[in-house]
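Scroll down for the structure; my scribbles are underneath it.
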Amino acid sequence: MITARRRNTELGLIVLGAVITAAIYTLASLGTTADLPADIGPFLGVVLALLLGAHVATRRLAPAGDGVLLPLAGLLNGLGYVWIARLDENLAALQATWTAVGVTAFVATLVVVRRSRDLERYRYTFMLIGVGLLLMPLLPVLGKTVNGARIWVGLGPVSFQPGEFAKIILAIFFASYLVEKREVLGMGANRLGPLTLPELRHFGPVLVAWAASLVVMTAQRDLGSSLLFFALFVVMLWVATERASYLAVSALLFAAGAFAAWSLFSHVQERISVWLDPWVDASGQGYQVAQAAFALAWGGVAGTGPGLGSPDRIPLVETDFIFAAIGEELGLFGAAAVLVTYMLMIGTGLRIAVRAQVPFNKLLAAGLTAILGIQSFIIIGGVIRLVPLTGITLPFVSYGGSSLIANYVLLALLIRISDDSAQAEADAGGAARSLAGTGRR
Amino acid sequence: MNRQIRRLGAALLVLYGALFVQLNVIQVLRADAYNDNPNNTRAIVRDFNQPRGQIVAADGTVLARSVPTDGGQFEQRREYPEGELFGHVTGYFSFIAGADGVERTYNDALAGRAGTTSIDDLGELLQGESKIADVTLTIPTEVQRVARDSLGDRRGSVVALDPRTGAVLALWSFPSYDPTVISSVDIEAAQQARNEVLADEANPLLARSFRETYFPGSTFKVVTATAGLSSGVVDVDSTTYPRSSEYVPPLTRNPINNFGGSVCGGALFDILEVSCNTAFAQMGVDVGAATLVTQAEAFGFNQVPPLDLPGVEPSPVSDVPSFERNTPVLAMTAIGQNAVRSTPLQMALVAAGIANGGQVLTPHVMNEIRDQEGQVVQRWEPSSWTRAASPQVAATVRDAMVGVVEEGTATRLAVPGVATAGKTGTAQLGNGLSHAWIIGFAPAEAPRVAVAVIVEAQPGASEQTGGRVAAPIAQAVLGAGLQATA
């Protein structure tokens, strides 16, 4: 019963999201400054049809899985699609294609991963794949440098960002590793003021993660991903061990790493000075951030209306800065709605984590949700100058195949975990009922 | 683990709350400031498609107007029928470069947004009414044209003011530019025109009259003389300076010389007539740093003159402590060299201040703003900007400047039949070239026009250069200005 209700809720919400997306798309096409050719319209139909396809697959493959995540992701994906189409019609067809691949990956993940605990068995394989993916862009022939960051890999005609996938695979590895070691890592050996510190050697994994994120930052010049990897590991370590001391030590390591990066790299200093004051060089280094502020301010509370702003002045607006485009044309209302959407996804993800009975599932769900929450925070905060800008995609919204596909996989894993938990609860409930039945007899 | 997961949720909630707060800061609290930022061209885009008021010269000549296009990306295009003549005054209204000049200062009136709330706007939108207004300037086309023609194709500036009101009568600098092409709706043509202007070594976009500073040379002696008289250090008759060809300030062995090594000295009127460097250098040292700096600031130096055009440059004078450490620099500054620079506008304000009994009025180019029915929406009310001297001191300096025109270096400034006051300046550039300066006003007894002229980098380094080169230009502009204000 709960199964059917969840799926019907999901269907209803997907339809609602589709109606919202289609309405905004229509408004954007009517906007005078954007002229969207009519032949892009069908692609929107494709995007929405794909979400329905994902829903049908969920009905079969994870019938008791959470029913809110997919519609929320679909809404973000649809919004992102509208602005990508409005900003660059050539990218619209590609984004529709990436959505198709993403939804396929979503379904495939549900097909392949029938029980989330199965993932636990292959932890070291995942570790090797994860680290391999992470370091892949550094390979001489395959790796490519785009916009100063060496985060791309080219295989024949296909280019992708392996880091987007590495973050999920590493989350799986962290979850299985930490679940196994959490007893040891959680033991307090030394006391330092109010903190109980584990034995020094147990900080080894933290140092390894820290070093790896430094490699990403220095060798690949990818500040955003570096921050994300480190934050992901620290959060999962803390959740697994329940030791706040890891947070404190990690904060110190982060401060040290950040300071070293600031002293050593001019591009980091540049980011910081633009963050502190973009107006000194608003037509040079501060241009992007300044233009984003102009766009958001121009939108004001209610926005210019879809298609009626000029977000095309912002460099990289289709990817890293798409939030500013939405904020300009939908205003504070629309921007806040996007924030609320992410908060709903985070809340749902964490509830899945809390409800999971298996520690591995619990930790993995928390980790995957942390990825989603922290990554969105890093880029939105960078765009609106709450934190220094570190280029990274806005999950489900930004243009980009790797990001979209990876996030659909992430979504499928969360839904799989919630399905597992619901099934287990149902089994336990069924068992209890039958026990009660026998007792009465 | 559940407790940590809930805390993680709480932490993320705090982070997203911070995002929401920052969004409010950008989209609500600071939105107006960002919208008005000069680097932001969004306001231009919005205004570009709407009808826009005219900019009109004092005599009714149309200087800027919007005309419908024959279709294409924009519905309106902006044209400037007088071309480069008013380029630095009207500025441009450009899709690619934003707005400058009157187009920028009075954008709200021209675009029909002045003094309205958004609810009013909505009503007008529904009724199809337009609140766009026309801006009438204080500048008569004829005076501006005389300024242009007299300066010719020499780099420099002419600024003329009505000292009684602060109204600008001429604001010309060469080279200038035609705003029409930069404001073109053909974006590529506009970009190309702008690039050409930007690439021009002579920098036609630069409004030298109020955005460029120069050594004022001997015209600054008017400021020094005013400082001497106001402080009581100098008495018109009894204070005399030794006749000499050089003056050695304290703390140095390098003398300050008169032009061509000539010998001069005497009382105030004598030394101003011949522009005696040795005497004025000594006067500067005698009055002291504090008095000289205070006097310069009383004329408006070290401040941005409140002219109603964007980007007005202040005219800097060094600070008192640095003068006190270095008396030779103080002596050089008293004769308009070394530690003082001035825009042509600021020197015109010096002349206007003396002309108006020591009171400097706020300079302005806007005379009135009228709506589409011809009703005056806003009229400029003359206001005082700064008091430079007492009426008595101003009268004495005026008489001394009349002497400069009657018997001194500025004889070519004399407007026939009108008592004229003036002071020349020749700011040497050290390579046989000088900036030729003159300031002046007329009629001396009841001045209606004050003027400042600079002609850059003229051959010659004698005190005669200012009188020879700049005076005839100023004389023509004074004449035209007197006719226009008659």
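By order of appearance in the structure tokens: chains A, B, ..., then residues from 1 within every chain, and ligands from 1 in the order shown.
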
Proximal residues of chain A relative to chain B (only C-alpha atoms; 9 Å) as a ChimeraX atom specification: /A:235,238-242,282-283,290-291,293-301,309-310,327-328,331-332,335-336,339-340,342-343,346-347,350-351,353-355,359,362-363,366,370,373-374,377,380-381,384-386

Write to file, as a PDB file, in the first residue's frame, the residues of the selection just made, with C-alpha atoms.
ATOM      1  CA  VAL A 235      31.692  14.373   7.027  1.00  0.00           C
ATOM      2  CA  TRP A 238      32.540  12.071  11.547  1.00  0.00           C
ATOM      3  CA  VAL A 239      29.161  10.437  10.993  1.00  0.00           C
ATOM      4  CA  ALA A 240      30.741   6.961  11.122  1.00  0.00           C
ATOM      5  CA  THR A 241      32.896   7.466  14.205  1.00  0.00           C
ATOM      6  CA  GLU A 242      30.695   9.991  16.007  1.00  0.00           C
ATOM      7  CA  ALA A 282      35.098  44.757 -12.275  1.00  0.00           C
ATOM      8  CA  SER A 283      35.950  44.708 -15.972  1.00  0.00           C
ATOM      9  CA  ALA A 290      30.368  41.352 -10.894  1.00  0.00           C
ATOM     10  CA  GLN A 291      28.174  40.410 -13.845  1.00  0.00           C
ATOM     11  CA  ALA A 293      25.732  40.360  -9.048  1.00  0.00           C
ATOM     12  CA  PHE A 294      24.361  42.716 -11.723  1.00  0.00           C
ATOM     13  CA  ALA A 295      22.165  39.946 -13.084  1.00  0.00           C
ATOM     14  CA  LEU A 296      20.769  39.017  -9.677  1.00  0.00           C
ATOM     15  CA  ALA A 297      20.243  42.647  -8.669  1.00  0.00           C
ATOM     16  CA  TRP A 298      18.527  43.391 -11.968  1.00  0.00           C
ATOM     17  CA  GLY A 299      16.161  40.510 -11.305  1.00  0.00           C
ATOM     18  CA  GLY A 300      15.307  41.863  -7.877  1.00  0.00           C
ATOM     19  CA  VAL A 301      12.507  40.225  -5.962  1.00  0.00           C
ATOM     20  CA  GLY A 309      16.912  39.393 -18.747  1.00  0.00           C
ATOM     21  CA  SER A 310      20.418  39.540 -20.141  1.00  0.00           C
ATOM     22  CA  GLY A 327      18.011  34.440 -10.254  1.00  0.00           C
ATOM     23  CA  GLU A 328      17.895  37.275 -12.785  1.00  0.00           C
ATOM     24  CA  GLY A 331      14.074  36.899  -9.157  1.00  0.00           C
ATOM     25  CA  LEU A 332      14.529  36.235  -5.470  1.00  0.00           C
ATOM     26  CA  ALA A 335      16.314  31.660  -6.674  1.00  0.00           C
ATOM     27  CA  ALA A 336      14.842  30.887  -3.265  1.00  0.00           C
ATOM     28  CA  LEU A 339      17.411  26.721  -2.744  1.00  0.00           C
ATOM     29  CA  VAL A 340      14.293  25.166  -1.248  1.00  0.00           C
ATOM     30  CA  TYR A 342      17.928  21.513  -2.833  1.00  0.00           C
ATOM     31  CA  MET A 343      16.967  21.687   0.840  1.00  0.00           C
ATOM     32  CA  ILE A 346      18.907  17.167   1.316  1.00  0.00           C
ATOM     33  CA  GLY A 347      16.167  16.621   3.869  1.00  0.00           C
ATOM     34  CA  LEU A 350      19.151  12.530   5.240  1.00  0.00           C
ATOM     35  CA  ARG A 351      15.814  11.032   6.209  1.00  0.00           C
ATOM     36  CA  ALA A 353      19.981   7.842   5.931  1.00  0.00           C
ATOM     37  CA  VAL A 354      18.288   8.022   9.330  1.00  0.00           C
ATOM     38  CA  ARG A 355      15.739   5.379   8.379  1.00  0.00           C
ATOM     39  CA  PRO A 359      25.112   0.998   8.883  1.00  0.00           C
ATOM     40  CA  LYS A 362      23.088   4.803   6.522  1.00  0.00           C
ATOM     41  CA  LEU A 363      26.562   6.094   5.887  1.00  0.00           C
ATOM     42  CA  ALA A 366      24.487  10.457   4.322  1.00  0.00           C
ATOM     43  CA  ALA A 370      26.373  15.484   1.592  1.00  0.00           C
ATOM     44  CA  GLY A 373      24.230  19.525  -0.493  1.00  0.00           C
ATOM     45  CA  ILE A 374      27.823  20.651  -0.284  1.00  0.00           C
ATOM     46  CA  PHE A 377      26.319  25.180  -1.646  1.00  0.00           C
ATOM     47  CA  ILE A 380      25.746  28.879  -5.381  1.00  0.00           C
ATOM     48  CA  GLY A 381      27.785  30.460  -2.590  1.00  0.00           C
ATOM     49  CA  ILE A 384      26.580  35.029  -4.999  1.00  0.00           C
ATOM     50  CA  ARG A 385      29.934  35.739  -3.315  1.00  0.00           C
ATOM     51  CA  LEU A 386      29.154  34.175   0.032  1.00  0.00           C
TER      52      LEU A 386
END

Contact residues around B:Tyr214 with only C-alpha atoms at 10 Å, ignoring same-chain residues under 6 positions, as a PyMOL selection string: chain B and resi 208+315-316+336-337+340-344+427+435+454+456

Those same residues, written as a PDB file, in the first residue's frame with C-alpha atoms?
ATOM      1  CA  ARG B 208      39.959  67.736 -21.188  1.00  0.00           C
ATOM      2  CA  SER B 315      42.321  69.777  -9.080  1.00  0.00           C
ATOM      3  CA  PRO B 316      44.947  68.664  -6.587  1.00  0.00           C
ATOM      4  CA  GLY B 336      51.550  77.360 -10.508  1.00  0.00           C
ATOM      5  CA  GLN B 337      54.226  74.720 -10.958  1.00  0.00           C
ATOM      6  CA  VAL B 340      49.486  71.975  -8.092  1.00  0.00           C
ATOM      7  CA  ARG B 341      47.436  70.831 -11.066  1.00  0.00           C
ATOM      8  CA  SER B 342      44.186  72.214 -12.349  1.00  0.00           C
ATOM      9  CA  THR B 343      41.444  71.374 -14.776  1.00  0.00           C
ATOM     10  CA  PRO B 344      40.454  74.167 -17.162  1.00  0.00           C
ATOM     11  CA  ALA B 427      53.338  76.272 -17.923  1.00  0.00           C
ATOM     12  CA  HIS B 435      50.865  75.007 -22.091  1.00  0.00           C
ATOM     13  CA  ILE B 454      44.411  76.272 -22.296  1.00  0.00           C
ATOM     14  CA  GLU B 456      48.483  72.449 -24.936  1.00  0.00           C
TER      15      GLU B 456
END

Polymer residues at most 9 Å from B:Phe86, only C-alpha atoms, same-chain spacing of 3 or more positions, as a list in words: Leu63, Tyr80, Glu82, Gly83, Val89, Thr90, Gly91, Thr141, Gln144, Leu171, Trp172, Ser176, Tyr177, Asp178 and Pro179 of chain B

All helix (DSSP H, G or I) positions in stretch 53-288 of chain A, as a ChimeraX atom specification: /A:53-61,69-87,89-112,116-138,162-186,200-219,223-241,244-264,266-276,278-281,287-288

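Nearest residue to A:Ser213, choosing from A:Ala261, A:Ala73, A:Ile129, A:Leu368 and counting only C-alpha atoms: A:Ala261.
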
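Coordinates place atom CA of A:Leu155 at a distance of 25.3 Å from atom CA of A:Asp88.
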